[in-house]
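Pasted below: work_23.txt, compact mmCIF, C-alpha atoms.
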```txt
# COMPACT_ATOMS: atom_id res chain seq x y z
CA MET A 1 86.71 238.59 166.98
CA ALA A 2 88.72 235.51 166.97
CA GLY A 3 90.40 234.78 170.23
CA ALA A 4 92.63 232.07 171.44
CA GLY A 5 89.69 230.16 172.74
CA GLY A 6 87.56 230.79 169.64
CA THR A 7 89.67 228.71 167.23
CA LYS A 8 91.01 225.19 167.25
CA ASN A 9 94.70 224.65 167.13
CA PRO A 10 95.33 222.16 164.33
CA THR A 11 98.62 221.16 165.78
CA ALA A 12 97.12 220.52 169.15
CA THR A 13 94.27 218.59 167.60
CA LYS A 14 96.67 216.40 165.60
CA SER A 15 98.80 215.84 168.62
CA SER A 16 95.81 214.93 170.69
CA SER A 17 94.60 212.57 168.01
CA THR A 18 97.97 210.93 167.79
CA THR A 19 98.22 210.33 171.45
CA THR A 20 94.74 208.89 171.73
CA LYS A 21 94.93 206.56 168.65
CA PRO A 22 95.49 203.00 169.74
CA HIS A 23 98.84 201.59 168.61
CA HIS A 24 98.89 198.07 167.11
CA ASN A 25 102.27 196.39 167.27
CA PRO A 26 102.89 193.62 164.72
CA PRO A 27 102.73 190.20 166.21
CA PRO A 28 106.12 188.93 167.26
CA ILE A 29 107.90 186.70 164.73
CA THR A 30 108.37 183.37 166.34
CA PRO A 31 109.94 180.20 164.97
CA SER A 32 106.42 178.86 164.57
CA THR A 33 105.17 181.79 162.45
CA ARG A 34 108.33 181.79 160.39
CA ARG A 35 107.86 178.12 159.72
CA GLN A 36 104.22 178.63 158.69
CA THR A 37 105.20 181.44 156.31
CA LEU A 38 107.87 179.28 154.74
CA LEU A 39 105.44 176.40 154.31
CA HIS A 40 102.97 178.74 152.63
CA LEU A 41 105.62 179.93 150.17
CA ILE A 42 106.70 176.35 149.47
CA SER A 43 103.07 175.45 148.81
CA LEU A 44 102.80 178.30 146.29
CA ALA A 45 106.01 177.15 144.57
CA ALA A 46 104.71 173.57 144.43
CA SER A 47 101.44 174.78 142.89
CA ALA A 48 103.32 176.80 140.25
CA THR A 49 105.49 173.80 139.45
CA ALA A 50 102.43 171.59 139.10
CA ALA A 51 100.96 174.15 136.69
CA ALA A 52 104.18 174.05 134.67
CA HIS A 53 103.89 170.24 134.57
CA SER A 54 100.37 170.52 133.27
CA PHE A 55 101.42 173.02 130.61
CA LEU A 56 104.28 170.80 129.48
CA THR A 57 102.06 167.73 129.32
CA THR A 58 99.41 169.54 127.31
CA HIS A 59 101.76 171.20 124.82
CA ASP A 60 104.52 168.63 124.33
CA LEU A 61 103.63 168.29 120.63
CA THR A 62 103.72 172.02 119.95
CA LEU A 63 106.73 173.23 121.94
CA HIS A 64 110.18 173.17 120.38
CA PRO A 65 112.29 170.29 121.77
CA SER A 66 114.80 172.72 123.28
CA GLN A 67 111.92 174.42 125.14
CA THR A 68 110.57 171.18 126.56
CA LEU A 69 114.04 170.05 127.65
CA THR A 70 114.70 173.38 129.37
CA LEU A 71 111.30 173.34 131.05
CA GLU A 72 111.78 169.76 132.24
CA SER A 73 115.18 170.60 133.67
CA ASN A 74 113.86 173.65 135.52
CA ILE A 75 110.88 171.74 136.89
CA SER A 76 113.17 168.99 138.13
CA THR A 77 115.46 171.51 139.83
CA VAL A 78 112.56 173.28 141.56
CA SER A 79 111.02 169.98 142.69
CA LEU A 80 114.27 168.82 144.22
CA SER A 81 114.70 172.19 145.94
CA ILE A 82 111.20 171.98 147.45
CA SER A 83 111.89 168.52 148.80
CA HIS A 84 115.19 169.70 150.24
CA LEU A 85 113.55 172.68 151.95
CA LEU A 86 110.89 170.47 153.49
CA SER A 87 113.53 168.10 154.80
CA LEU A 88 115.45 171.00 156.36
CA ILE A 89 112.44 172.12 158.39
CA HIS A 90 111.55 168.53 159.28
CA HIS A 91 108.08 168.85 157.85
CA PRO A 92 106.18 165.85 156.54
CA ILE A 93 105.06 166.48 152.98
CA ALA A 94 101.46 167.57 153.39
CA PHE A 95 100.99 168.51 149.74
CA ALA A 96 102.13 166.99 146.50
CA VAL A 97 105.70 167.87 145.67
CA PRO A 98 105.74 167.42 141.91
CA LYS A 99 108.31 165.28 140.20
CA PRO A 100 109.03 165.66 136.51
CA PRO A 101 106.27 163.49 135.06
CA PRO A 102 106.70 161.88 131.70
CA PRO A 103 104.88 163.36 128.77
CA PRO A 104 101.68 161.49 127.94
CA PRO A 105 102.39 157.87 126.99
CA SER A 106 104.00 157.29 123.61
CA TRP A 107 105.08 160.85 122.83
CA PHE A 108 106.94 159.46 119.83
CA HIS A 109 103.91 157.47 118.68
CA ARG A 110 101.67 160.52 118.95
CA LEU A 111 104.20 162.55 116.97
CA LEU A 112 104.31 159.93 114.22
CA THR A 113 100.51 159.74 113.99
CA SER A 114 99.70 163.44 114.49
CA GLN A 115 96.96 164.68 112.17
CA ASN A 116 98.28 168.26 112.14
CA SER A 117 100.72 167.65 109.30
CA SER A 118 102.30 171.11 109.06
CA THR A 119 102.98 171.39 112.80
CA SER A 120 104.04 167.80 113.27
CA ASP A 121 106.34 167.86 110.22
CA TYR A 122 108.09 170.95 111.59
CA LEU A 123 108.36 169.40 115.05
CA PHE A 124 109.64 166.15 113.55
CA ILE A 125 112.48 167.95 111.77
CA GLU A 126 113.31 169.98 114.87
CA SER A 127 113.26 166.83 117.02
CA PHE A 128 115.31 164.52 114.80
CA ARG A 129 117.11 166.89 112.42
CA MET A 130 115.71 165.15 109.37
CA SER A 131 112.43 164.91 107.52
CA ARG A 132 109.96 162.05 107.88
CA GLN A 133 110.95 160.88 104.42
CA SER A 134 114.64 160.58 105.32
CA PHE A 135 113.71 158.95 108.62
CA SER A 136 111.56 156.35 106.87
CA TYR A 137 114.46 155.64 104.52
CA ILE A 138 117.20 155.25 107.12
CA VAL A 139 115.27 152.97 109.50
CA PRO A 140 115.16 149.95 107.11
CA LEU A 141 118.87 150.44 106.37
CA LEU A 142 119.74 150.07 110.05
CA THR A 143 117.09 147.51 111.06
CA PRO A 144 119.18 144.36 110.31
CA ASN A 145 121.69 145.49 112.97
CA LEU A 146 119.06 146.28 115.61
CA SER A 147 117.60 142.81 116.15
CA SER A 148 119.16 142.53 119.62
CA LEU A 149 117.08 145.45 120.91
CA PRO A 150 113.75 144.84 122.68
CA ILE A 151 112.02 147.76 120.93
CA ASP A 152 110.72 148.72 117.51
CA PRO A 153 113.48 149.97 115.13
CA ASN A 154 111.58 153.24 114.61
CA TYR A 155 111.79 153.90 118.34
CA ALA A 156 115.46 152.91 118.45
CA VAL A 157 116.44 155.29 115.66
CA GLY A 158 114.25 158.03 117.16
CA VAL A 159 115.95 157.68 120.55
CA THR A 160 119.38 158.04 118.96
CA LEU A 161 118.58 160.96 116.70
CA PHE A 162 116.86 162.89 119.50
CA ARG A 163 119.84 162.51 121.81
CA LEU A 164 122.31 163.42 119.05
CA ALA A 165 120.25 166.46 118.05
CA HIS A 166 119.67 167.91 121.53
CA SER A 167 122.30 166.35 123.80
CA ALA A 168 119.34 165.17 125.88
CA SER A 169 119.99 163.05 128.96
CA PHE A 170 119.00 159.39 128.86
CA ASN A 171 116.31 160.25 131.43
CA ALA A 172 114.82 162.88 129.12
CA VAL A 173 115.03 160.56 126.14
CA GLY A 174 113.47 157.67 128.05
CA ARG A 175 110.47 159.79 129.08
CA ARG A 176 109.67 160.49 125.45
CA PHE A 177 110.01 156.92 124.27
CA ASP A 178 108.55 155.05 127.25
CA MET A 179 111.72 153.34 128.44
CA ASP A 180 114.09 153.56 131.37
CA SER A 181 117.50 155.24 131.22
CA PRO A 182 119.61 152.05 130.97
CA THR A 183 117.53 150.87 128.01
CA ALA A 184 117.82 154.27 126.33
CA CYS A 185 121.60 154.14 126.81
CA ARG A 186 121.85 150.65 125.34
CA VAL A 187 119.66 151.63 122.39
CA PHE A 188 121.73 154.75 121.69
CA TYR A 189 125.07 153.00 121.40
CA THR A 190 123.63 150.07 119.47
CA VAL A 191 122.20 152.41 116.85
CA CYS A 192 125.46 154.41 116.66
CA LYS A 193 127.31 151.18 115.90
CA ALA A 194 124.68 150.28 113.29
CA VAL A 195 125.14 153.66 111.58
CA ILE A 196 128.90 153.12 111.40
CA ASP A 197 128.49 149.57 110.08
CA LYS A 198 125.71 150.21 107.55
CA LEU A 199 126.52 153.75 106.37
CA GLY A 200 130.32 153.58 106.42
CA HIS A 201 130.33 153.51 102.61
CA LEU A 202 129.25 157.18 102.69
CA PHE A 203 132.89 158.06 103.38
CA GLU A 204 133.40 158.11 99.61
CA LEU A 205 137.12 158.76 99.20
CA ARG A 206 137.62 155.32 97.72
CA SER A 207 134.33 154.93 95.87
CA ASP A 208 133.66 158.30 94.22
CA LEU A 209 137.03 159.94 93.66
CA ASN A 210 136.19 161.23 90.17
CA ARG A 211 133.34 163.33 91.56
CA ILE A 212 135.60 164.63 94.32
CA VAL A 213 138.39 165.67 91.94
CA LEU A 214 135.91 167.32 89.58
CA GLY A 215 134.42 169.35 92.42
CA PHE A 216 137.79 170.80 93.44
CA GLY A 217 138.58 171.62 89.84
CA TRP A 218 135.81 174.20 89.97
CA ILE A 219 137.62 176.06 92.76
CA SER A 220 141.01 176.10 90.98
CA LEU A 221 142.53 173.08 92.73
CA PRO A 222 143.41 170.66 89.93
CA ASN A 223 143.55 166.96 90.84
CA CYS A 224 142.80 167.70 94.52
CA CYS A 225 141.21 164.80 96.43
CA GLY A 226 140.12 166.56 99.60
CA VAL A 227 140.93 169.14 102.26
CA LEU A 228 142.37 167.93 105.57
CA GLY A 229 141.82 169.83 108.81
CA VAL A 230 141.53 169.45 112.57
CA GLU A 231 138.71 170.35 114.97
CA ARG A 232 138.78 170.29 118.79
CA PHE A 233 136.00 169.36 121.20
CA GLY A 234 136.10 170.34 124.86
CA VAL A 235 136.46 167.89 127.75
CA LYS A 236 135.49 168.60 131.36
CA GLY A 237 138.16 168.06 133.98
CA ASN A 238 141.91 167.81 133.62
CA LEU A 239 142.24 164.55 131.73
CA PHE A 240 144.16 166.33 128.96
CA GLY A 241 145.37 169.24 131.06
CA GLU A 242 143.83 172.65 131.57
CA ASN A 243 141.42 173.54 128.76
CA GLY A 244 142.03 170.07 127.36
CA SER A 245 140.11 168.69 124.42
CA VAL A 246 139.88 165.82 121.99
CA MET A 247 140.89 166.31 118.37
CA VAL A 248 139.18 165.13 115.22
CA GLN A 249 141.12 164.95 111.96
CA ALA A 250 138.74 165.15 109.01
CA LEU A 251 139.00 165.12 105.23
CA VAL A 252 136.17 166.90 103.39
CA ASP A 253 135.21 167.42 99.75
CA SER A 254 134.11 170.57 97.92
CA GLU A 255 130.47 169.98 98.95
CA GLY A 256 131.27 169.72 102.64
CA ARG A 257 130.93 165.93 102.87
CA PHE A 258 133.24 164.03 105.16
CA LEU A 259 135.53 161.66 103.28
CA ASP A 260 137.62 160.35 106.17
CA VAL A 261 137.40 160.91 109.92
CA SER A 262 139.89 160.01 112.65
CA ALA A 263 138.50 160.98 116.07
CA GLY A 264 139.35 160.88 119.75
CA TRP A 265 142.96 162.08 119.82
CA PRO A 266 144.03 163.98 122.97
CA SER A 267 144.90 167.64 122.50
CA THR A 268 148.30 166.93 124.04
CA MET A 269 149.31 165.23 120.77
CA LYS A 270 150.74 167.22 117.89
CA PRO A 271 148.69 167.12 114.67
CA GLU A 272 151.54 165.56 112.67
CA LEU A 273 151.59 162.61 115.11
CA VAL A 274 147.83 162.24 114.79
CA LEU A 275 148.23 162.25 111.00
CA ARG A 276 150.94 159.59 111.01
CA GLN A 277 148.87 157.28 113.22
CA SER A 278 145.69 157.65 111.17
CA GLU A 279 144.31 155.12 108.71
CA LEU A 280 144.41 157.80 106.01
CA PHE A 281 148.20 158.10 106.32
CA SER A 282 148.58 154.32 106.27
CA ALA A 283 146.38 153.98 103.16
CA VAL A 284 148.48 156.55 101.29
CA GLU A 285 152.02 155.89 102.55
CA GLU A 286 152.02 152.18 103.35
CA SER A 287 149.37 150.18 101.52
CA ARG A 288 149.25 152.64 98.59
CA GLU A 289 145.49 152.25 98.34
CA LEU A 290 144.78 155.94 97.85
CA LEU A 291 145.91 158.77 95.58
CA THR A 292 147.18 156.43 92.87
CA GLY A 293 145.04 157.82 90.04
CA PRO A 294 146.25 159.62 86.90
CA SER A 295 148.21 162.85 87.10
CA TYR A 296 146.89 166.14 85.75
CA GLU A 297 148.95 168.03 83.19
CA LEU A 298 149.01 171.82 83.52
CA ASN A 299 149.31 174.19 80.56
CA ASP A 300 153.07 174.59 81.12
CA GLY A 301 153.55 170.83 80.96
CA SER A 302 153.91 170.30 84.71
CA SER A 303 152.43 167.03 85.95
CA ILE A 304 150.34 167.16 89.13
CA PRO A 305 149.64 163.81 90.85
CA GLN A 306 146.61 163.37 93.06
CA TYR A 307 147.02 165.17 96.36
CA ILE A 308 145.24 166.42 99.47
CA LEU A 309 145.22 170.00 100.71
CA GLY A 310 146.30 170.24 104.35
CA GLU A 311 146.26 173.05 106.87
CA SER A 312 149.41 174.62 108.22
CA CYS A 313 149.65 172.45 111.35
CA PHE A 314 150.54 169.48 109.12
CA PRO A 315 153.87 168.77 107.41
CA LEU A 316 154.28 169.31 103.69
CA LEU A 317 154.39 165.84 102.10
CA SER A 318 154.48 164.54 98.56
CA TRP A 319 150.71 164.09 98.72
CA LEU A 320 149.72 166.61 101.44
CA ILE A 321 150.07 170.19 100.24
CA THR A 322 150.15 172.88 102.92
CA PRO A 323 150.29 176.68 102.47
CA PHE A 324 153.44 178.70 101.93
CA ARG A 325 154.79 180.02 105.21
CA LYS A 326 155.35 183.75 105.64
CA SER A 327 159.09 184.19 105.42
CA GLY A 328 161.71 186.90 105.24
CA SER A 329 164.07 184.87 103.06
CA ASP A 330 165.21 186.46 99.79
CA ASP A 331 163.70 183.79 97.58
CA GLU A 332 160.18 184.37 98.89
CA VAL A 333 160.08 188.13 99.53
CA GLU A 334 158.62 190.33 96.83
CA ASP A 335 158.03 193.56 98.77
CA ASP A 336 157.33 194.72 102.29
CA GLU A 337 154.41 197.01 101.49
CA ASP A 338 151.14 196.61 103.29
CA ASP A 339 148.88 195.97 100.29
CA GLY A 340 145.91 194.57 102.22
CA VAL A 341 146.84 190.95 101.61
CA ASP A 342 145.96 188.45 104.34
CA ASP A 343 148.67 187.99 106.99
CA GLY A 344 149.29 184.45 105.75
CA CYS A 345 150.33 185.90 102.38
CA LEU A 346 152.46 188.85 103.51
CA ASN A 347 156.06 188.83 102.25
CA LEU A 348 155.25 186.22 99.59
CA SER A 349 155.57 186.43 95.82
CA SER A 350 152.40 186.95 93.81
CA SER A 351 152.24 183.29 92.78
CA LYS A 352 152.54 182.15 96.37
CA GLN A 353 149.94 184.67 97.46
CA ALA A 354 147.63 183.28 94.78
CA PHE A 355 148.15 179.75 96.06
CA ASN A 356 147.59 180.70 99.71
CA SER A 357 144.42 182.54 98.77
CA VAL A 358 142.99 179.45 97.08
CA HIS A 359 144.28 177.31 99.95
CA ASN A 360 142.38 179.50 102.43
CA ARG A 361 139.19 179.04 100.44
CA GLY A 362 139.78 175.31 100.51
CA MET A 363 140.24 175.27 104.28
CA GLU A 364 136.96 177.18 104.68
CA LEU A 365 135.29 173.99 103.46
CA VAL A 366 136.45 172.30 106.68
CA ASP A 367 134.98 175.19 108.70
CA THR A 368 131.69 174.84 106.86
CA ALA A 369 131.53 171.08 107.33
CA PHE A 370 132.17 171.24 111.07
CA GLY A 371 129.86 174.23 111.45
CA ARG A 372 127.02 172.29 109.86
CA LEU A 373 127.87 169.22 111.91
CA ARG A 374 127.73 171.13 115.19
CA ALA A 375 124.57 173.01 114.21
CA ARG A 376 122.69 169.83 113.37
CA TRP A 377 123.93 167.57 116.17
CA GLY A 378 123.86 169.45 119.47
CA ILE A 379 125.62 166.65 121.33
CA LEU A 380 128.88 167.85 119.74
CA SER A 381 128.55 171.32 121.26
CA LYS A 382 128.71 170.17 124.87
CA GLU A 383 131.83 169.50 126.89
CA TRP A 384 132.43 165.79 127.26
CA LYS A 385 132.81 164.15 130.65
CA GLU A 386 136.01 162.27 131.32
CA GLU A 387 134.15 159.07 132.13
CA SER A 388 132.38 159.02 128.76
CA ILE A 389 135.31 160.11 126.60
CA GLU A 390 135.85 156.57 125.24
CA SER A 391 132.51 156.79 123.42
CA PHE A 392 133.35 160.12 121.79
CA PRO A 393 134.93 158.73 118.58
CA TYR A 394 131.86 156.56 117.87
CA VAL A 395 129.50 159.50 118.38
CA VAL A 396 131.53 161.83 116.14
CA VAL A 397 131.82 159.29 113.33
CA THR A 398 128.08 158.58 113.63
CA CYS A 399 127.29 162.29 113.29
CA CYS A 400 129.60 162.62 110.26
CA LEU A 401 127.98 159.67 108.49
CA LEU A 402 124.48 161.00 109.21
CA HIS A 403 125.66 164.38 107.89
CA ASN A 404 126.70 162.71 104.62
CA PHE A 405 123.46 160.71 104.50
CA LEU A 406 121.40 163.89 104.77
CA ILE A 407 123.41 165.65 102.06
CA LYS A 408 122.78 162.67 99.79
CA SER A 409 119.08 162.82 100.71
CA GLY A 410 118.89 166.49 99.74
CA GLU A 411 118.09 167.75 103.24
CA GLU A 412 118.56 171.44 103.98
CA PHE A 413 121.32 172.56 106.30
CA PRO A 414 120.61 174.25 109.65
CA ASP A 415 120.68 178.05 109.52
CA GLU A 416 123.10 178.37 112.44
CA ASP A 417 126.15 177.08 110.53
CA SER A 418 126.91 180.03 108.26
CA GLU A 419 129.28 181.98 110.54
CA TYR A 420 131.22 179.12 112.12
CA THR A 421 135.00 179.36 112.10
CA ARG A 422 137.28 176.84 113.74
CA ASN A 423 139.65 178.17 116.37
CA HIS A 424 141.73 175.18 117.36
CA GLY A 425 144.80 177.22 118.34
CA LEU A 426 147.26 174.77 116.78
CA SER A 427 150.73 175.99 115.83
CA ASP A 428 152.10 175.81 112.31
CA TYR A 429 154.35 172.88 111.51
CA GLU A 430 157.95 174.03 111.77
CA GLY A 431 159.80 171.12 110.16
CA GLU A 432 161.22 170.78 106.67
CA GLY A 433 158.90 170.10 103.76
CA ASP A 434 159.08 167.24 101.29
CA GLU A 435 160.85 168.14 98.02
CA THR A 436 158.18 166.55 95.85
CA GLY A 437 155.51 168.38 97.79
CA GLU A 438 157.38 171.66 97.27
CA ARG A 439 157.56 171.04 93.52
CA ILE A 440 153.84 170.28 93.29
CA ARG A 441 152.93 173.32 95.40
CA SER A 442 155.11 175.64 93.31
CA ALA A 443 153.66 174.27 90.06
CA ILE A 444 150.10 174.87 91.28
CA ALA A 445 151.09 178.36 92.51
CA SER A 446 152.53 179.28 89.10
CA HIS A 447 149.42 177.88 87.40
CA LEU A 448 147.13 179.99 89.60
CA SER A 449 149.25 183.11 89.07
CA ARG A 450 149.02 182.75 85.30
CA TRP A 451 145.24 182.42 85.57
CA GLU A 452 145.08 185.62 87.61
CA ASP A 453 147.15 187.46 84.98
CA CYS A 454 144.79 186.40 82.18
```
Can the structure from this file be put into structure tokens for me?
Amino acid sequence: MAGAGGTKNPTATKSSSTTTKPHHNPPPITPSTRRQTLLHLISLAASATAAAHSFLTTHDLTLHPSQTLTLESNISTVSLSISHLLSLIHHPIAFAVPKPPPPPPSWFHRLLTSQNSSTSDYLFIESFRMSRQSFSYIVPLLTPNLSSLPIDPNYAVGVTLFRLAHSASFNAVGRRFDMDSPTACRVFYTVCKAVIDKLGHLFELRSDLNRIVLGFGWISLPNCCGVLGVERFGVKGNLFGENGSVMVQALVDSEGRFLDVSAGWPSTMKPELVLRQSELFSAVEESRELLTGPSYELNDGSSIPQYILGESCFPLLSWLITPFRKSGSDDEVEDDEDDGVDDGCLNLSSSKQAFNSVHNRGMELVDTAFGRLRARWGILSKEWKEESIESFPYVVVTCCLLHNFLIKSGEEFPDEDSEYTRNHGLSDYEGEGDETGERIRSAIASHLSRWEDC
């Protein structure tokens, strides 16, 4: 028979055990222990950063350039943070706080002489946005203008292409080419000037106009000598107002080559003022150097002189043909039905719709050209600092000439350019159009409409 004294009370036992178990309080957190814990954590962070340095040093010829630049930037940030933390707790540095070390000496030399041809060829293209063959061709072209530099021309061109391709800092560039930042800066701008001086002939509006006109003929633009558009590039600060930018006016051909570039205009200027102050305008309107070739006779007998296609932010001139504006006037309205036509063609006659459709396809060439330019040369995708804005025109023109050089060399385009569409936010020109320009535009519109009816 189980009685009260014959069984153990679990609750009482547990209670007894609880009261007899010694209680260990955590040691009090003092400034000294907190400091030791923080130092331990900093030591772990320093060790991890050192390991990242080692990884970067070992794999600098296999990592993509964008990966190495990101890793270098993060390592530098962590290293500076560790130093700052140590200074805040007034602790002498008892362990190595890593600084971003350079890659092994002569990274560029090791890349040039790498025995792993497939890997190094891929890395070369990713680093400099051109093949070894194109690189070996362009260096001798620029060498005569690089004699003032204290380094080998191959290194000078490599420095410039790497910075253009990746928007790398002069510190990052210098580490790869064994030079300090001031030297890298001097090399960069010297090579940019050499590109402009030695490759300027690749703006072929004057030298290869027959090819240009023939190319536009294939897209139903008879006697067209180029498509003129505007692109905007962001600027940090308020130099040109809130969300300010610099504008680039560019003329391109049917293959996406740049034929004329006027860069560095503040976004506070209207496009028509940029046009009238450009060398292109002067060469057509004043010196009469351009667009003086033979006219093209259409099937109805209309004569079409040489002209340039311009986007809607420009005025209609005798040689600059812009799209028809959507209008409610009786002479332009055909019907008000929503037939799926692009907004720029609504309320226009069928001939004018046909012209605007071809005009839109022409303007897409400007989108494609700038998309490829930005995809290849990463320096154009960053916002420019106010203090360096004076160098912007030289950098843009350099990139455009290298773009043309690589087209001529048969280089493939970057994959990232296919979806690019400009969004410059510029208003349509509201002034009156030139009568000769109106006649030419109407003749082309009628010509295109007849072709559509065939």
**Item:** Contact residues around Arg422 (chain A) with only C-alpha atoms at 12 Å, ignoring same-chain residues under 4 positions, as a PyMOL selection string
**Value:** chain A and resi 229-233+248+311+363-372+374+417+426
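The coordinates place CA of Ser302 (chain A) at 15.2 Å from CA of Glu435 (chain A).
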**Request:** Find the residues near Met247 (chain A): any atom within 12 Å, counting only C-alpha atoms, skip ones fewer than 6 places away on the same chain, and give them as a list in words.
**Result:** Gly229, Val230, Glu231, Arg232, Phe233, Gly234, Val235, Phe240, Val261, Ser262, Ala263, Gly264, Trp265, Pro266, Ser267, Thr268, Met269, Lys270, Pro271, Leu273, Val274, Leu275, Ile389, Phe392, Pro393, Val396, His424, Gly425 and Leu426 of chain A
Could you work out an axis-aligned box for region 349-365 of chain A, taking every atom the file lists and adding 4 Å on each side, and report centre and edge lengths in Å to one decimal, as AutoDock Vina command-line options?
```
--center_x 145.4 --center_y 180.5 --center_z 98.7 --size_x 28.3 --size_y 21.0 --size_z 19.9
```
For the point (127.5, 163.6, 102.2) in file coordinates, what residues are within 10 Å, counting only C-alpha atoms? Give the answer as a PDB file with C-alpha atoms, in the coordinates of the input?
```
ATOM      1  CA  LEU A 202     129.250 157.180 102.690  1.00  0.00           C
ATOM      2  CA  PHE A 203     132.890 158.060 103.380  1.00  0.00           C
ATOM      3  CA  GLU A 204     133.400 158.110  99.610  1.00  0.00           C
ATOM      4  CA  VAL A 252     136.170 166.900 103.390  1.00  0.00           C
ATOM      5  CA  ASP A 253     135.210 167.420  99.750  1.00  0.00           C
ATOM      6  CA  GLU A 255     130.470 169.980  98.950  1.00  0.00           C
ATOM      7  CA  GLY A 256     131.270 169.720 102.640  1.00  0.00           C
ATOM      8  CA  ARG A 257     130.930 165.930 102.870  1.00  0.00           C
ATOM      9  CA  PHE A 258     133.240 164.030 105.160  1.00  0.00           C
ATOM     10  CA  LEU A 259     135.530 161.660 103.280  1.00  0.00           C
ATOM     11  CA  ALA A 369     131.530 171.080 107.330  1.00  0.00           C
ATOM     12  CA  CYS A 400     129.600 162.620 110.260  1.00  0.00           C
ATOM     13  CA  LEU A 401     127.980 159.670 108.490  1.00  0.00           C
ATOM     14  CA  LEU A 402     124.480 161.000 109.210  1.00  0.00           C
ATOM     15  CA  HIS A 403     125.660 164.380 107.890  1.00  0.00           C
ATOM     16  CA  ASN A 404     126.700 162.710 104.620  1.00  0.00           C
ATOM     17  CA  PHE A 405     123.460 160.710 104.500  1.00  0.00           C
ATOM     18  CA  LEU A 406     121.400 163.890 104.770  1.00  0.00           C
ATOM     19  CA  ILE A 407     123.410 165.650 102.060  1.00  0.00           C
ATOM     20  CA  LYS A 408     122.780 162.670  99.790  1.00  0.00           C
ATOM     21  CA  SER A 409     119.080 162.820 100.710  1.00  0.00           C
ATOM     22  CA  GLY A 410     118.890 166.490  99.740  1.00  0.00           C
TER      23      GLY A 410
END
```
**Request:** Find the residues near Ile304 (chain A): any atom within 12 Å, counting all atoms listed in the file, skip ones fewer than 4 places away on the same chain, and give them as a PyMOL selection string.
**Result:** chain A and resi 221-225+291-300+308+318-319+321+436-445+447
**Asked** Interatomic distance between CA of Arg376 (chain A) and CA of Val397 (chain A)?
**Response**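 Answer for the CA of Arg376 (chain A) to CA of Val397 (chain A) separation: 13.9 Å.
Taking CA of Trp107 (chain A) and CA of Leu149 (chain A) as endpoints, the distance between them is 19.6 Å.
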**Fill in**
Counting only C-alpha atoms, the residue among A:Gly158, A:Pro31, A:Pro153, A:Pro323 that lies closest to Asp428 (chain A) is A:Pro323
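For the residues A:Asp197, A:Asp121, A:Glu272, A:Asp208, ranking by smallest atom-to-atom distance to Gly310 (chain A) using all atoms listed in the file places A:Glu272 first.
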**Nearest residue to Glu386 (chain A) from the set A:Ser350, A:Arg361, A:Ser287, A:Gly241 (distances using all atoms listed in the file)** =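 Among the listed residues, A:Gly241 lies closest to Glu386 (chain A).
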**Which residue of A:Ser134, A:Ser118, A:Thr398, A:Ser43 approaches Ala194 (chain A) most closely, using all atoms listed in the file** =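 Among the listed residues, the smallest separation from Ala194 (chain A) belongs to A:Thr398.
Each of A:Gln306, A:Gln277, A:Ser388, A:Ser147 was checked against Ile212 (chain A) using only C-alpha atoms; the smallest atom-to-atom distance is that of A:Gln306.
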**Request:** Determine the nearest neighbour of Leu141 (chain A) from the options A:Arg129, A:Ala250, A:Val191, A:Arg176, counting all atoms listed in the file.
**Result:** A:Val191
